>>> print(open('start.txt').read())   # compact mmCIF, C-alpha atoms
# COMPACT_ATOMS: atom_id res chain seq x y z
CA MET A 66 6.39 7.55 32.03
CA VAL A 67 3.71 9.05 29.77
CA ALA A 68 3.59 7.61 26.26
CA ARG A 69 4.33 10.12 23.53
CA GLN A 70 1.38 11.01 21.32
CA ASP A 71 1.02 12.24 17.75
CA LEU A 72 1.66 15.96 17.53
CA THR A 73 -1.19 16.37 15.05
CA THR A 74 -4.63 17.03 16.49
CA ASP A 75 -6.45 16.60 13.17
CA LYS A 76 -9.12 13.95 13.79
CA GLU A 77 -9.23 12.65 10.22
CA LEU A 78 -5.46 12.34 10.04
CA LYS A 79 -5.35 10.60 13.41
CA ALA A 80 -7.93 8.11 12.13
CA GLN A 81 -5.78 7.47 9.06
CA LEU A 82 -2.73 6.95 11.25
CA LEU A 83 -4.68 4.39 13.26
CA ILE A 84 -5.49 2.44 10.09
CA ILE A 85 -1.87 2.39 8.95
CA ARG A 86 -0.74 1.22 12.38
CA ARG A 87 -3.28 -1.58 12.26
CA GLY A 88 -2.04 -2.44 8.79
CA THR A 89 1.58 -2.43 9.93
CA ALA A 90 0.70 -4.83 12.74
CA PHE A 91 -1.19 -7.09 10.30
CA TRP A 92 1.75 -7.06 7.88
CA ALA A 93 4.23 -7.81 10.67
CA ARG A 94 2.11 -10.72 11.87
CA LYS A 95 2.03 -12.32 8.42
CA VAL A 96 5.81 -11.88 8.03
CA ASN A 97 6.46 -13.38 11.46
CA GLU A 98 4.29 -16.38 10.66
CA LEU A 99 6.79 -17.35 7.95
CA THR A 100 9.75 -19.52 8.88
CA ASP A 101 13.15 -18.48 7.56
CA ASP A 102 12.99 -21.23 4.93
CA GLU A 103 9.55 -20.06 3.81
CA LEU A 104 10.94 -16.63 3.00
CA ASP A 105 12.40 -18.18 -0.15
CA GLY A 106 8.98 -19.25 -1.38
CA PRO A 107 7.09 -17.50 -4.19
CA SER A 108 4.84 -14.53 -3.56
CA LEU A 109 1.75 -13.62 -5.56
CA LEU A 110 3.80 -11.09 -7.53
CA PRO A 111 5.32 -12.52 -10.73
CA GLY A 112 9.09 -12.91 -10.46
CA TRP A 113 9.23 -11.97 -6.78
CA SER A 114 9.85 -14.27 -3.84
CA ARG A 115 8.53 -13.43 -0.40
CA ARG A 116 11.98 -12.02 0.27
CA HIS A 117 11.50 -9.47 -2.52
CA VAL A 118 8.13 -8.39 -1.12
CA ILE A 119 9.51 -7.97 2.40
CA ALA A 120 12.56 -6.07 1.15
CA HIS A 121 10.31 -3.82 -0.93
CA VAL A 122 8.03 -3.01 2.02
CA GLY A 123 11.01 -2.37 4.29
CA TYR A 124 12.76 -0.05 1.87
CA ASN A 125 9.43 1.63 1.10
CA ALA A 126 9.19 2.63 4.75
CA ARG A 127 12.65 4.17 4.53
CA ALA A 128 11.69 5.99 1.32
CA ILE A 129 8.55 7.46 2.87
CA THR A 130 10.58 8.43 5.94
CA ARG A 131 12.72 10.54 3.62
CA LEU A 132 9.58 12.36 2.44
CA VAL A 133 8.56 13.05 6.04
CA GLN A 134 12.01 14.48 6.73
CA TRP A 135 11.73 16.58 3.56
CA ALA A 136 8.46 18.07 4.82
CA THR A 137 9.74 18.73 8.33
CA THR A 138 13.19 20.13 7.42
CA GLY A 139 12.61 21.71 4.04
CA VAL A 140 15.60 19.82 2.65
CA GLU A 141 14.59 17.94 -0.50
CA THR A 142 15.12 14.20 -0.01
CA PRO A 143 13.51 12.10 -2.79
CA MET A 144 12.12 8.67 -2.12
CA TYR A 145 14.68 7.10 -4.46
CA SER A 146 17.55 8.50 -6.51
CA SER A 147 16.17 6.71 -9.58
CA PRO A 148 13.86 3.82 -10.55
CA ALA A 149 16.94 1.72 -11.23
CA ALA A 150 18.30 2.41 -7.75
CA ARG A 151 14.96 1.34 -6.25
CA ASN A 152 15.01 -1.94 -8.16
CA GLU A 153 18.63 -2.61 -7.23
CA GLU A 154 17.85 -1.94 -3.58
CA ILE A 155 15.02 -4.49 -3.57
CA ALA A 156 17.15 -7.08 -5.36
CA TYR A 157 19.90 -6.59 -2.79
CA GLY A 158 17.49 -6.72 0.14
CA ALA A 159 16.14 -10.05 -1.07
CA THR A 160 19.62 -11.56 -0.63
CA LEU A 161 19.99 -10.52 3.02
CA PRO A 162 20.19 -13.19 5.73
CA ALA A 163 16.75 -13.85 7.20
CA ARG A 164 17.57 -12.11 10.47
CA ALA A 165 18.82 -8.98 8.67
CA LEU A 166 15.79 -8.91 6.37
CA ARG A 167 13.44 -9.12 9.33
CA HIS A 168 15.38 -6.37 11.11
CA LEU A 169 15.12 -4.14 8.04
CA ASN A 170 11.37 -4.67 7.93
CA ASP A 171 10.82 -4.01 11.64
CA HIS A 172 13.25 -1.14 12.14
CA ALA A 173 12.14 0.78 9.04
CA ALA A 174 8.49 0.58 10.10
CA VAL A 175 9.23 1.79 13.63
CA SER A 176 11.36 4.66 12.35
CA LEU A 177 8.62 5.82 9.98
CA ASN A 178 6.02 5.69 12.74
CA VAL A 179 8.22 7.82 15.00
CA GLU A 180 8.73 10.39 12.21
CA TRP A 181 4.97 10.64 11.67
CA ARG A 182 4.32 10.87 15.40
CA ASP A 183 6.74 13.77 15.81
CA THR A 184 5.67 15.70 12.70
CA PRO A 185 4.39 19.18 13.66
CA GLU A 186 0.85 20.07 12.61
CA GLU A 187 1.89 22.60 9.97
CA ALA A 188 4.40 20.25 8.30
CA TRP A 189 1.65 17.83 7.31
CA HIS A 190 0.56 20.32 4.66
CA HIS A 191 4.03 20.78 3.15
CA GLU A 192 4.39 19.34 -0.33
CA VAL A 193 6.67 16.47 -1.31
CA LYS A 194 7.13 14.45 -4.49
CA THR A 195 6.32 10.76 -4.92
CA ALA A 196 8.44 8.26 -6.83
CA GLN A 197 6.01 8.69 -9.76
CA GLY A 198 6.65 12.43 -9.80
CA ARG A 199 3.35 13.55 -8.25
CA THR A 200 3.47 16.55 -5.93
CA VAL A 201 1.34 15.81 -2.88
CA PRO A 202 0.91 17.09 0.70
CA LEU A 203 2.71 15.05 3.33
CA THR A 204 -0.66 13.70 4.54
CA GLU A 205 -0.76 11.60 1.34
CA THR A 206 2.20 9.54 2.57
CA VAL A 207 -0.04 7.91 5.18
CA TRP A 208 -2.26 6.47 2.44
CA MET A 209 0.77 5.56 0.32
CA ARG A 210 2.08 3.41 3.14
CA THR A 211 -1.37 2.08 4.09
CA ARG A 212 -1.81 0.69 0.60
CA GLU A 213 1.60 -0.97 0.70
CA VAL A 214 1.30 -2.87 3.97
CA TRP A 215 -2.26 -4.12 3.63
CA LEU A 216 -1.99 -5.19 -0.01
CA HIS A 217 1.46 -6.76 0.21
CA ALA A 218 0.41 -8.77 3.26
CA VAL A 219 -1.85 -10.61 0.82
CA ASP A 220 1.04 -10.98 -1.64
CA LEU A 221 3.02 -13.01 0.92
CA ALA A 222 0.64 -15.86 0.03
CA ASN A 223 0.47 -17.28 3.53
CA GLY A 224 -3.17 -16.85 4.38
CA ALA A 225 -4.04 -13.16 4.16
CA ARG A 226 -6.92 -12.29 1.86
CA LEU A 227 -8.29 -9.08 0.40
CA SER A 228 -11.36 -9.62 2.57
CA ASP A 229 -9.12 -9.12 5.62
CA LEU A 230 -8.59 -5.49 4.64
CA PRO A 231 -10.79 -2.81 6.26
CA SER A 232 -13.64 -1.70 3.99
CA GLU A 233 -12.36 1.89 3.97
CA VAL A 234 -9.00 0.68 2.66
CA LEU A 235 -10.62 -1.45 -0.03
CA THR A 236 -12.93 1.38 -1.10
CA ARG A 237 -10.13 3.89 -1.42
CA LEU A 238 -7.88 1.38 -3.16
CA LEU A 239 -10.56 0.57 -5.72
CA GLY A 240 -11.12 4.30 -6.20
CA ASP A 241 -7.41 4.80 -6.86
CA ILE A 242 -7.34 2.03 -9.43
CA THR A 243 -10.49 2.97 -11.32
CA GLY A 244 -9.49 6.64 -11.15
CA TYR A 245 -6.15 5.78 -12.75
CA TRP A 246 -7.90 3.80 -15.48
CA ALA A 247 -10.25 6.70 -16.17
CA ALA A 248 -7.37 9.18 -16.32
CA THR A 249 -5.43 7.00 -18.75
CA GLY A 250 -8.45 5.93 -20.77
CA THR A 251 -7.70 2.24 -20.31
CA ASP A 252 -11.09 1.15 -18.96
CA ALA A 253 -13.05 1.41 -22.22
CA GLY A 254 -16.13 -0.81 -22.13
CA LEU A 255 -15.77 -1.85 -18.50
CA ARG A 256 -18.84 -2.01 -16.26
CA ILE A 257 -17.92 -2.69 -12.64
CA GLN A 258 -20.56 -3.44 -10.03
CA VAL A 259 -19.73 -3.77 -6.32
CA THR A 260 -22.59 -5.80 -4.88
CA ASP A 261 -22.11 -5.01 -1.19
CA VAL A 262 -21.45 -1.28 -1.65
CA PRO A 263 -24.29 -0.18 -3.97
CA GLU A 264 -23.64 3.49 -3.18
CA LEU A 265 -20.52 3.29 -5.36
CA GLY A 266 -22.77 2.95 -8.37
CA GLU A 267 -21.53 1.35 -11.56
CA LEU A 268 -17.87 2.08 -12.23
CA GLY A 269 -15.86 2.08 -15.45
CA ALA A 270 -16.09 3.89 -18.75
CA GLY A 271 -18.79 1.47 -19.89
CA ALA A 272 -21.06 2.19 -16.93
CA GLY A 273 -24.72 2.12 -17.96
CA GLN A 274 -24.02 0.50 -21.31
CA GLU A 275 -25.61 -2.93 -21.69
CA ALA A 276 -22.95 -4.01 -24.16
CA GLY A 277 -20.07 -3.31 -21.78
CA LEU A 278 -17.78 -5.93 -20.21
CA LEU A 279 -19.45 -6.66 -16.90
CA VAL A 280 -17.40 -7.30 -13.77
CA ARG A 281 -19.48 -7.99 -10.65
CA GLY A 282 -18.62 -9.07 -7.11
CA ASP A 283 -18.29 -7.94 -3.54
CA LEU A 284 -15.84 -5.17 -2.67
CA ALA A 285 -12.98 -7.52 -1.80
CA ALA A 286 -13.43 -9.63 -4.93
CA VAL A 287 -13.63 -6.64 -7.27
CA THR A 288 -10.60 -4.98 -5.67
CA GLN A 289 -8.69 -8.25 -5.90
CA TRP A 290 -9.44 -8.42 -9.63
CA ALA A 291 -8.79 -4.72 -10.24
CA SER A 292 -5.40 -4.85 -8.50
CA GLY A 293 -4.30 -7.74 -10.71
CA ARG A 294 -4.57 -10.49 -8.09
CA GLY A 295 -7.10 -12.74 -9.77
CA GLY A 296 -10.80 -12.70 -10.56
CA HIS A 297 -11.77 -16.16 -9.34
CA ARG A 298 -13.97 -14.75 -6.54
CA LEU A 299 -16.07 -12.60 -8.87
CA GLN A 300 -19.73 -13.35 -9.57
CA ALA A 301 -19.31 -12.21 -13.18
CA GLY A 302 -16.36 -11.24 -15.35
CA CYS A 303 -13.80 -13.74 -14.07
CA ASP A 304 -12.21 -13.86 -17.52
CA VAL A 305 -12.26 -10.10 -18.16
CA GLU A 306 -8.71 -8.79 -18.37
CA ASN A 307 -8.10 -5.88 -16.03
CA PRO A 308 -6.22 -2.83 -17.35
CA ARG A 309 -2.72 -2.23 -16.05
CA TRP A 310 -2.40 -0.40 -12.74
CA ILE A 311 0.88 1.19 -11.49
>>> encode(input="start.txt", output="structure tokens")
Amino acid sequence: MVARQDLTTDKELKAQLLIIRRGTAFWARKVNELTDDELDGPSLLPGWSRRHVIAHVGYNARAITRLVQWATTGVETPMYSSPAARNEEIAYGATLPARALRHLNDHAAVSLNVEWRDTPEEAWHHEVKTAQGRTVPLTETVWMRTREVWLHAVDLANGARLSDLPSEVLTRLLGDITGYWAATGTDAGLRIQVTDVPELGELGAGAGQEAGLLVRGDLAAVTQWASGRGGHRLQAGCDVENPRWI
């Protein structure tokens, strides 16, 4: 039997799909390394146990699947009916028996992958709406999910580090964060230097200003700080408070 392939022939999109599949495998490995009892332990996210993180990632896959179905059928199917419904769903998922929670995580990821695989070329350019209300082409959902699985694998607090993420994921993630800060004007005075990716230049609204608040470190360390996961690996700016991000 011949394995089914992605319907898209777009090389860039296929490369992005490869990264998300690698991320999904990495995420699944970190979840599977946890015993059932360890699921009750704290995550790196304030107020959330590992159960909450796993439930969130599982239901996120289902939510993105709804966007894929929206693009392929033309029938509007939002990610969530409301922010409150999303929060209630995660809270409920965190109470599931360990076996059911693991099944949710695995089944939702497989279902999303199948939907992406079977999406016709033209449907990838159809527009859908994110939970934040942004209108984006369906191709954006690949990055939306990529960010979730790689970053939340770290949040499970069982050995994954930001430095485990591919450099292209870290670079785009940092770009998302600093772009959001620039758009909201919350990065006043910040000078951010990424030591191992000098081509990024100096980031932040305070770039080039000697009096700015300097944050310096390698790509993983800076992204860790920028995403709100601690600045202890930075070379400079460990105590600089990062602006809020999503």
>>> residues_around(input="start.txt", residues="Leu78 (chain A)", least_positions_apart="4", cutoff="10 Å", atoms="only C-alpha atoms", output="ChimeraX atom specification")
/A:73-74,82-84,189,204-205,207
>>> write_last_selection(input="start.txt", atoms="C-alpha atoms", output="compact mmCIF listing (two decimals), keeping the file's coordinate frame")
# COMPACT_ATOMS: atom_id res chain seq x y z
CA THR A 73 -1.19 16.37 15.05
CA THR A 74 -4.63 17.03 16.49
CA LEU A 82 -2.73 6.95 11.25
CA LEU A 83 -4.68 4.39 13.26
CA ILE A 84 -5.49 2.44 10.09
CA TRP A 189 1.65 17.83 7.31
CA THR A 204 -0.66 13.70 4.54
CA GLU A 205 -0.76 11.60 1.34
CA VAL A 207 -0.04 7.91 5.18
>>> closest_atom_pairs(input="start.txt", of="region 108-184 of chain A", to="region 208-217 of chain A", cutoff="9 Å", atoms="all atoms listed in the file", output="tab-separated table")
residue	atom	partner	partner_atom	distance
A:Leu109	CA	A:His217	CA	9.0
A:Val118	CA	A:His217	CA	7.0
A:Ile119	CA	A:His217	CA	8.4
A:Val122	CA	A:Glu213	CA	6.9
A:Asn125	CA	A:Arg210	CA	7.8
A:Ala126	CA	A:Arg210	CA	7.3
A:Ile129	CA	A:Arg210	CA	7.6
>>> residues_around(input="start.txt", residues="Gly123 (chain A)", least_positions_apart="3", cutoff="6 Å", atoms="only C-alpha atoms", output="list of chain:residue names")
A:Ala120, A:Ala126, A:Leu169, A:Asn170, A:Ala173
>>> write_last_selection(input="start.txt", atoms="C-alpha atoms", output="PDB file, in the frame of the given file")
ATOM      1  CA  ALA A 120      12.560  -6.070   1.150  1.00  0.00           C
ATOM      2  CA  ALA A 126       9.190   2.630   4.750  1.00  0.00           C
ATOM      3  CA  LEU A 169      15.120  -4.140   8.040  1.00  0.00           C
ATOM      4  CA  ASN A 170      11.370  -4.670   7.930  1.00  0.00           C
ATOM      5  CA  ALA A 173      12.140   0.780   9.040  1.00  0.00           C
TER       6      ALA A 173
END
>>> closest_residue(input="start.txt", among="A:Val280, A:Ala285, A:Ile155, A:Leu230", to="Asp304 (chain A)", atoms="all atoms listed in the file")
A:Val280
>>> atom_distance(input="start.txt", atom1="CA of Thr260 (chain A)", atom2="CA of Ala276 (chain A)")
19.4 Å
>>> atom_distance(input="start.txt", atom1="CA of Arg127 (chain A)", atom2="CA of Pro111 (chain A)")
23.8 Å
>>> closest_residue(input="start.txt", among="A:Ala222, A:Leu268, A:Gln274, A:Asp252", to="Arg294 (chain A)", atoms="all atoms listed in the file")
A:Ala222
>>> closest_residue(input="start.txt", among="A:Leu255, A:Leu279, A:Gly271, A:Trp310", to="Asp241 (chain A)", atoms="all atoms listed in the file")
A:Trp310
>>> closest_residue(input="start.txt", among="A:Ala196, A:Val305, A:Leu221, A:Ile85", to="Arg151 (chain A)", atoms="only C-alpha atoms")
A:Ala196
>>> closest_residue(input="start.txt", among="A:Ser292, A:Leu238, A:Tyr124, A:Ala218", to="His168 (chain A)", atoms="all atoms listed in the file")
A:Tyr124
>>> atom_distance(input="start.txt", atom1="CA of Asp229 (chain A)", atom2="CA of Gln81 (chain A)")
17.3 Å
>>> residues_around(input="start.txt", residues="Gln197 (chain A)", least_positions_apart="2", cutoff="10 Å", atoms="all atoms listed in the file", output="list in words")
Met144, Pro148, Lys194, Thr195, Arg199, Thr200 and Ile311 of chain A
>>> write_last_selection(input="start.txt", atoms="C-alpha atoms", output="PDB file, in the coordinates of the input")
ATOM      1  CA  MET A 144      12.120   8.670  -2.120  1.00  0.00           C
ATOM      2  CA  PRO A 148      13.860   3.820 -10.550  1.00  0.00           C
ATOM      3  CA  LYS A 194       7.130  14.450  -4.490  1.00  0.00           C
ATOM      4  CA  THR A 195       6.320  10.760  -4.920  1.00  0.00           C
ATOM      5  CA  ARG A 199       3.350  13.550  -8.250  1.00  0.00           C
ATOM      6  CA  THR A 200       3.470  16.550  -5.930  1.00  0.00           C
ATOM      7  CA  ILE A 311       0.880   1.190 -11.490  1.00  0.00           C
TER       8      ILE A 311
END
>>> build_atoms(input="start.txt", residues="region 197-208 of chain A", atoms="all heavy atoms", output="PDB file, in the frame of the given file")
ATOM      1  N   GLN A 197       6.599   8.532  -8.424  1.00  0.00           N
ATOM      2  CA  GLN A 197       6.010   8.690  -9.760  1.00  0.00           C
ATOM      3  C   GLN A 197       6.014  10.134 -10.241  1.00  0.00           C
ATOM      4  O   GLN A 197       5.534  10.441 -11.323  1.00  0.00           O
ATOM      5  CB  GLN A 197       4.566   8.155  -9.764  1.00  0.00           C
ATOM      6  CG  GLN A 197       4.446   6.643  -9.625  1.00  0.00           C
ATOM      7  CD  GLN A 197       4.692   6.184  -8.207  1.00  0.00           C
ATOM      8  OE1 GLN A 197       4.297   6.863  -7.252  1.00  0.00           O
ATOM      9  NE2 GLN A 197       5.344   5.034  -8.048  1.00  0.00           N
ATOM     10  N   GLY A 198       6.539  11.040  -9.404  1.00  0.00           N
ATOM     11  CA  GLY A 198       6.650  12.430  -9.800  1.00  0.00           C
ATOM     12  C   GLY A 198       5.469  13.302  -9.427  1.00  0.00           C
ATOM     13  O   GLY A 198       5.412  14.474  -9.799  1.00  0.00           O
ATOM     14  N   ARG A 199       4.501  12.755  -8.677  1.00  0.00           N
ATOM     15  CA  ARG A 199       3.350  13.550  -8.250  1.00  0.00           C
ATOM     16  C   ARG A 199       3.733  14.422  -7.062  1.00  0.00           C
ATOM     17  O   ARG A 199       4.415  13.967  -6.144  1.00  0.00           O
ATOM     18  CB  ARG A 199       2.181  12.656  -7.850  1.00  0.00           C
ATOM     19  CG  ARG A 199       1.562  11.867  -8.955  1.00  0.00           C
ATOM     20  CD  ARG A 199       0.285  11.159  -8.486  1.00  0.00           C
ATOM     21  NE  ARG A 199       0.525  10.281  -7.347  1.00  0.00           N
ATOM     22  CZ  ARG A 199      -0.104  10.371  -6.189  1.00  0.00           C
ATOM     23  NH1 ARG A 199      -1.019  11.323  -5.984  1.00  0.00           N
ATOM     24  NH2 ARG A 199       0.155   9.521  -5.204  1.00  0.00           N
ATOM     25  N   THR A 200       3.279  15.668  -7.075  1.00  0.00           N
ATOM     26  CA  THR A 200       3.470  16.550  -5.930  1.00  0.00           C
ATOM     27  C   THR A 200       2.243  16.455  -5.041  1.00  0.00           C
ATOM     28  O   THR A 200       1.120  16.709  -5.482  1.00  0.00           O
ATOM     29  CB  THR A 200       3.688  17.999  -6.393  1.00  0.00           C
ATOM     30  OG1 THR A 200       4.868  18.064  -7.205  1.00  0.00           O
ATOM     31  CG2 THR A 200       3.853  18.928  -5.199  1.00  0.00           C
ATOM     32  N   VAL A 201       2.457  16.073  -3.788  1.00  0.00           N
ATOM     33  CA  VAL A 201       1.340  15.810  -2.880  1.00  0.00           C
ATOM     34  C   VAL A 201       1.662  16.397  -1.503  1.00  0.00           C
ATOM     35  O   VAL A 201       2.834  16.588  -1.157  1.00  0.00           O
ATOM     36  CB  VAL A 201       1.078  14.298  -2.734  1.00  0.00           C
ATOM     37  CG1 VAL A 201       0.679  13.685  -4.064  1.00  0.00           C
ATOM     38  CG2 VAL A 201       2.297  13.587  -2.145  1.00  0.00           C
ATOM     39  N   PRO A 202       0.639  16.688  -0.691  1.00  0.00           N
ATOM     40  CA  PRO A 202       0.910  17.090   0.700  1.00  0.00           C
ATOM     41  C   PRO A 202       1.414  15.883   1.480  1.00  0.00           C
ATOM     42  O   PRO A 202       1.127  14.734   1.122  1.00  0.00           O
ATOM     43  CB  PRO A 202      -0.454  17.566   1.203  1.00  0.00           C
ATOM     44  CG  PRO A 202      -1.438  16.801   0.371  1.00  0.00           C
ATOM     45  CD  PRO A 202      -0.806  16.683  -0.985  1.00  0.00           C
ATOM     46  N   LEU A 203       2.152  16.143   2.545  1.00  0.00           N
ATOM     47  CA  LEU A 203       2.710  15.050   3.330  1.00  0.00           C
ATOM     48  C   LEU A 203       1.629  14.092   3.834  1.00  0.00           C
ATOM     49  O   LEU A 203       1.889  12.893   3.995  1.00  0.00           O
ATOM     50  CB  LEU A 203       3.497  15.608   4.519  1.00  0.00           C
ATOM     51  CG  LEU A 203       4.185  14.556   5.397  1.00  0.00           C
ATOM     52  CD1 LEU A 203       5.255  13.812   4.611  1.00  0.00           C
ATOM     53  CD2 LEU A 203       4.769  15.196   6.653  1.00  0.00           C
ATOM     54  N   THR A 204       0.427  14.574   4.072  1.00  0.00           N
ATOM     55  CA  THR A 204      -0.660  13.700   4.540  1.00  0.00           C
ATOM     56  C   THR A 204      -0.855  12.507   3.606  1.00  0.00           C
ATOM     57  O   THR A 204      -1.258  11.431   4.052  1.00  0.00           O
ATOM     58  CB  THR A 204      -1.975  14.489   4.632  1.00  0.00           C
ATOM     59  OG1 THR A 204      -2.214  15.184   3.391  1.00  0.00           O
ATOM     60  CG2 THR A 204      -1.937  15.497   5.769  1.00  0.00           C
ATOM     61  N   GLU A 205      -0.562  12.685   2.317  1.00  0.00           N
ATOM     62  CA  GLU A 205      -0.760  11.600   1.340  1.00  0.00           C
ATOM     63  C   GLU A 205       0.151  10.407   1.632  1.00  0.00           C
ATOM     64  O   GLU A 205      -0.165   9.276   1.249  1.00  0.00           O
ATOM     65  CB  GLU A 205      -0.506  12.137  -0.067  1.00  0.00           C
ATOM     66  CG  GLU A 205      -0.732  11.136  -1.192  1.00  0.00           C
ATOM     67  CD  GLU A 205      -2.207  10.792  -1.414  1.00  0.00           C
ATOM     68  OE1 GLU A 205      -3.069  11.485  -0.834  1.00  0.00           O
ATOM     69  OE2 GLU A 205      -2.489   9.836  -2.154  1.00  0.00           O
ATOM     70  N   THR A 206       1.276  10.638   2.314  1.00  0.00           N
ATOM     71  CA  THR A 206       2.200   9.540   2.570  1.00  0.00           C
ATOM     72  C   THR A 206       1.579   8.480   3.485  1.00  0.00           C
ATOM     73  O   THR A 206       1.977   7.316   3.442  1.00  0.00           O
ATOM     74  CB  THR A 206       3.518  10.032   3.198  1.00  0.00           C
ATOM     75  OG1 THR A 206       3.259  10.639   4.482  1.00  0.00           O
ATOM     76  CG2 THR A 206       4.215  11.021   2.279  1.00  0.00           C
ATOM     77  N   VAL A 207       0.613   8.879   4.301  1.00  0.00           N
ATOM     78  CA  VAL A 207      -0.040   7.910   5.180  1.00  0.00           C
ATOM     79  C   VAL A 207      -0.810   6.898   4.335  1.00  0.00           C
ATOM     80  O   VAL A 207      -0.738   5.687   4.555  1.00  0.00           O
ATOM     81  CB  VAL A 207      -0.975   8.612   6.181  1.00  0.00           C
ATOM     82  CG1 VAL A 207      -1.666   7.590   7.076  1.00  0.00           C
ATOM     83  CG2 VAL A 207      -0.192   9.603   7.034  1.00  0.00           C
ATOM     84  N   TRP A 208      -1.532   7.378   3.338  1.00  0.00           N
ATOM     85  CA  TRP A 208      -2.260   6.470   2.440  1.00  0.00           C
ATOM     86  C   TRP A 208      -1.283   5.666   1.595  1.00  0.00           C
ATOM     87  O   TRP A 208      -1.496   4.462   1.359  1.00  0.00           O
ATOM     88  CB  TRP A 208      -3.227   7.226   1.557  1.00  0.00           C
ATOM     89  CG  TRP A 208      -3.785   6.361   0.451  1.00  0.00           C
ATOM     90  CD1 TRP A 208      -3.619   6.525  -0.893  1.00  0.00           C
ATOM     91  CD2 TRP A 208      -4.584   5.181   0.610  1.00  0.00           C
ATOM     92  NE1 TRP A 208      -4.255   5.524  -1.590  1.00  0.00           N
ATOM     93  CE2 TRP A 208      -4.862   4.684  -0.680  1.00  0.00           C
ATOM     94  CE3 TRP A 208      -5.081   4.501   1.713  1.00  0.00           C
ATOM     95  CZ2 TRP A 208      -5.624   3.536  -0.908  1.00  0.00           C
ATOM     96  CZ3 TRP A 208      -5.836   3.341   1.506  1.00  0.00           C
ATOM     97  CH2 TRP A 208      -6.100   2.886   0.201  1.00  0.00           C
TER      98      TRP A 208
END
